[in-house]
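A.B. asks: I have a structure here, written as structure tokens, and I will follow up with some questions on it.
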Amino acid sequence: MTEPLLEASGVVKRYGSVTALRDASLSIRPGEIHALMGANGAGKSTFVKVLTGAVRPDAGTILLRGQRREAHSPAEARRSGMVSVYQEPAILPDLTVLENLVLTETPVDAFRTHLEGLGIRNLDLRAHARTLPLATLRIIDLARAMAIEPDVLLLDEMTAALPADLTAGVLEAVAAQRGTAGSVIFISHRMLEVAGLCDRATVLRDGSTVGVVDVAPGAEQEIVDLMLGPSADGEKRRAPDATSGPTATAASDATPRLSARNLAAGRNLADVSFDLHAGEVLGLVALEGQGQDELFDVLSGQTRPGSGEMLVDGSPVRFGHPSDAIHAGIVLVPADRSSALLMQRPVRENVALPRLAAFRRWGLIDMGEERERVGSAIDRLQIDTRAQAEVQRLSGGNQQKVTIARWLGSGVRTFLFYDPTRGIDIRTKAEIYDLVRELAAAGAAVLLLTSELEEIQRVCDRAIVIFGGRVVDEMAAGVADEPALLRAAHGLQSATAGDTSGTAS
Amino acid sequence: MTGSATAVEPRGGPLVVARVWLRDRPLVPLLLLLAGLVALLEVVQPGIVSVNWVASTMRFAIPLAILAACQTMTMLTGGIDLSVAVVASMSAYVMATTQSDIGWLAASLVALVPAGVVGLVNGIGVGLFRVHPLIMTISMSLVVSGAVNVYARSNITGGTRVPSEITDLGGQSLLGFLPNSLIVFIPLAALILVALRRSGYGRLLYAVGDNEVASRLAGVRVGRVLVVLYLISGLLAGFAGLIYAGVIGSATGRLVDPFLLPSVAAAVIGGTSIFGGRGGYAGSIVGALILTVLVTFLNVMQAPEAVRQILFGAIILAVAATYTRITEGS
């Protein structure tokens, strides 16, 4: 066996008390295309940052051609022969393409050759980068990286949200690297691409490398199993039980509270349809950047859809502002509390805010009534208000409760939760799960996006999976275990798969 | 503080305790500063502090305090209104040139119309077209000064005079040390104080300044809030101009222009953050008083104009910096 081109071993990285990487390792042979896989939070992006020199590890060694590499910046890593291309192209928008090339000392002729190989011909190098479409810029970024002929080319989600023809060009060009002197580290959520392109795959879980798989037919299952780890079925609790089951089934005959019909918006949201019923918690699972952000923006009235329509109780609605959505009884609880709360204001004002938005409430506030109403919401959610002078002094869990408390008792009938338990302690998480179930039991319709797959079975009645801007799967919570969700989220067909005709094949 | 032991809350010397106490009572240091300045003035010029002096100080401080209200409210949303001084000058001048034809009351109301229009244009620019408030209001103040010049040239024959009703209101003190303009200022200030603390609209000003994205998500139509805000600011500025014309007893097209920096300074000294979300009107009123006393103080020192300007600017900077450290110390 030949000596590895790049070898990382025992890499540890801590951020404060959080250990992002425990024992990550990777070994790349010359001329190989190597996939780096891991579920959300496995430490993949931290590992990439360590490999590219953007982050310095706390322990571990990185050897390049057997030599210890000491890169303290992406620029140094680049000089030592390692170039990375990310989903967001590293191109200065105010310079021309040529100026961007000169800036990175890229040979222009080689760049042109690679660019044409990738499917872009007759590009005017004097065009300002900002005038070019994003997809083109990403291809330029890749061609620029290939023109330098690096020893190791690291591609992070290179094909995400690229048009099909350019994706094909990229995959072809990457495949052409096989057997040359250089190697490729390929990171993708798309299992099919990995299966079709890569020689081996290194799988990360909980900050450690848990296995290296030779990619061959059937390897997808092995990779998914490694990503999931030993099953923890014993601990699972199935929340939707007798109390919610009947409501959910009965509701499916009625007019849906909220319907999405072929919604499309921005670059990522292509065509999403679903029905959300009263009394139901509908889970939504998607890997990063599959259009879920745009979907929530559209549903909550922050942006208008490019096409498609929304129905509330069977009637079409158009939202030009979040207040339109609120009037229709639809509210968003975002993951990022800093975009929902007035951090310098007291709990009481934060809870009371939506009520004051209407013009007819611009006048004097009935302080007694407000204190009472806010007080009961705070009691109901058991918000710890010891530090209530400023919301920013509350814990993350209590902040999240404040963002929910403001909508209680305000006639809201549809809740859009975007990853509501992100960064919240376990106890508060459980309280929020209970609250979500309570809301549904009281007749609310809940759409819950989550990045923690076990939440689907704990809280939801049903789950949909979005991939590439489309709904690729829908399953009852009973069968929506982590392997099934993860497979669907990676664009792999499952036994119960619905309509996947739209996905790029 | 000394870093010798583990940090527990009640630890720290008396200095820390004092800072915490002051942080919760932001008006105290301002009132102390005001009292100190008055005492210093009496030391430098014995006998100056009298009933008449108090009345005259308040007369000058009231128009400044009204202009500071414009800055306080716009700054609470993270904005600013740099057109207030020229708008005030414009209203004073329009009133003084039209009163001979239509009487003092009608002239005063007519004078508020262009002030409201300028405020509305500012509001539409800032609130709906998302022009930065600094750019929007500075540009508008240029437009307004130009328009006043054009108006002045077309009005050469008319002449200006401030009617006695206005000078009585702005420049007289019938009840000893209480100037007549308190009759309008006290209800106005009370209205602003209550509105900021107890009205839905006041809360929205703080909300928009604290987090515009969050306000929008909570259903607040931020654009509307801002249009109304700058309209109010324009009207208040015009009103301040009328009062100030009464204080001085005459009006030119540039009468109130020098009040621009003091109006911002009064709000900043008073503890309102230019980044939005923090502050209130009570501090701005004390800030206006402090600045007015400071001007008297510099006048009494009989320093040349240039030196007075340098000192004025430097002292405002020092006070604002110190006060911010006291009240926002962590």
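Just so we're on the same page: first chain in the structure tokens is A, next is B, and so on; residues restart at 1 for each chain, and ligands are numbered from 1 in the order they show up.
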For chain A, report every residue with an atom at most 6 Å from chain B (counting only C-alpha atoms), formatted as a VMD selection string.

C.D. replies: chain A and resid 322 to 323 339 to 342 354 356 to 357 361 to 365

A.B. asks: Considering only C-alpha atoms, return as number ranges by chain whatever protein or nucleic-acid residues lie within 10 Å of A:Ala24, sequence-local ones (same chain, fewer than 3 positions apart) excluded.

C.D. replies: A: 8-13, 20-21, 43-44, 47, 60, 202-210

A.B. asks: With N, CA and C atoms retained, export the selected residues as an mmCIF file, in the first residue's frame.

C.D. replies:
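Saved result, result_11.cif, follows:
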```
data_model
loop_
_atom_site.group_PDB
_atom_site.id
_atom_site.type_symbol
_atom_site.label_atom_id
_atom_site.label_comp_id
_atom_site.auth_asym_id
_atom_site.auth_seq_id
_atom_site.Cartn_x
_atom_site.Cartn_y
_atom_site.Cartn_z
ATOM 1 N N ALA A 8 -4.496 12.620 8.946
ATOM 2 C CA ALA A 8 -4.791 13.315 10.198
ATOM 3 C C ALA A 8 -5.122 12.267 11.226
ATOM 4 N N SER A 9 -4.596 12.419 12.432
ATOM 5 C CA SER A 9 -4.922 11.421 13.457
ATOM 6 C C SER A 9 -5.052 12.070 14.826
ATOM 7 N N GLY A 10 -5.973 11.518 15.606
ATOM 8 C CA GLY A 10 -6.155 11.955 16.997
ATOM 9 C C GLY A 10 -6.493 13.423 17.148
ATOM 10 N N VAL A 11 -7.243 13.986 16.202
ATOM 11 C CA VAL A 11 -7.524 15.422 16.267
ATOM 12 C C VAL A 11 -8.599 15.713 17.318
ATOM 13 N N VAL A 12 -8.270 16.626 18.229
ATOM 14 C CA VAL A 12 -9.187 17.031 19.298
ATOM 15 C C VAL A 12 -9.406 18.530 19.191
ATOM 16 N N LYS A 13 -10.645 18.969 19.334
ATOM 17 C CA LYS A 13 -10.909 20.413 19.357
ATOM 18 C C LYS A 13 -12.038 20.699 20.342
ATOM 19 N N ALA A 20 -15.953 19.521 20.333
ATOM 20 C CA ALA A 20 -16.465 19.352 18.977
ATOM 21 C C ALA A 20 -15.834 18.132 18.316
ATOM 22 N N LEU A 21 -14.556 17.921 18.579
ATOM 23 C CA LEU A 21 -13.863 16.763 18.025
ATOM 24 C C LEU A 21 -13.173 16.024 19.160
ATOM 25 N N GLY A 43 -19.398 16.957 13.902
ATOM 26 C CA GLY A 43 -18.090 17.592 13.969
ATOM 27 C C GLY A 43 -17.437 17.740 12.610
ATOM 28 N N LYS A 44 -18.223 17.512 11.565
ATOM 29 C CA LYS A 44 -17.695 17.557 10.203
ATOM 30 C C LYS A 44 -17.109 18.929 9.868
ATOM 31 N N PHE A 47 -13.924 19.653 11.692
ATOM 32 C CA PHE A 47 -12.824 18.866 11.136
ATOM 33 C C PHE A 47 -12.310 19.519 9.850
ATOM 34 N N GLY A 60 -3.481 16.339 18.306
ATOM 35 C CA GLY A 60 -3.546 15.602 17.055
ATOM 36 C C GLY A 60 -2.509 16.089 16.060
ATOM 37 N N THR A 202 -14.972 8.255 4.952
ATOM 38 C CA THR A 202 -14.681 8.287 6.380
ATOM 39 C C THR A 202 -15.914 8.850 7.081
ATOM 40 N N VAL A 203 -16.374 8.171 8.120
ATOM 41 C CA VAL A 203 -17.613 8.584 8.785
ATOM 42 C C VAL A 203 -17.304 9.101 10.186
ATOM 43 N N LEU A 204 -17.823 10.283 10.484
ATOM 44 C CA LEU A 204 -17.674 10.894 11.800
ATOM 45 C C LEU A 204 -18.971 10.763 12.573
ATOM 46 N N ARG A 205 -18.844 10.502 13.881
ATOM 47 C CA ARG A 205 -20.018 10.567 14.742
ATOM 48 C C ARG A 205 -19.583 11.084 16.101
ATOM 49 N N ASP A 206 -20.295 12.064 16.614
ATOM 50 C CA ASP A 206 -19.991 12.649 17.921
ATOM 51 C C ASP A 206 -18.514 13.024 18.061
ATOM 52 N N GLY A 207 -17.942 13.572 17.013
ATOM 53 C CA GLY A 207 -16.583 14.084 17.100
ATOM 54 C C GLY A 207 -15.496 13.043 16.924
ATOM 55 N N SER A 208 -15.866 11.798 16.647
ATOM 56 C CA SER A 208 -14.846 10.771 16.454
ATOM 57 C C SER A 208 -15.043 10.107 15.103
ATOM 58 N N THR A 209 -13.926 9.648 14.543
ATOM 59 C CA THR A 209 -14.030 8.861 13.327
ATOM 60 C C THR A 209 -14.465 7.457 13.720
ATOM 61 N N VAL A 210 -15.604 7.002 13.197
ATOM 62 C CA VAL A 210 -16.147 5.713 13.623
ATOM 63 C C VAL A 210 -15.976 4.631 12.568
#
```

A.B. asks: Would you give me, as a count of residues only, the residues in stretch 325-405 of chain A that DSSP reads as strand (DSSP E or B)?

C.D. replies: 5

A.B. asks: What does the distance from atom CA of A:Leu103 to atom CA of A:Ser183 come to in Å, to one decimal?

C.D. replies: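 Interatomic distance here is 24.5 Å.
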
A.B. asks: Which neighbours of stretch 100-114 of chain B fall inside 9 Å, counting only C-alpha atoms, when residues of the same chain fewer than 6 positions from it are skipped, and could you give them as a list in words?

C.D. replies: Val87, Met90, Ser91, Ala92, Tyr93, Val94, Gly158, Thr160, Arg161, Val162, Pro163, Ser164, Glu165, Ile166, Gly234, Leu235, Leu236, Ala237, Gly238, Phe239 and Leu242 of chain B
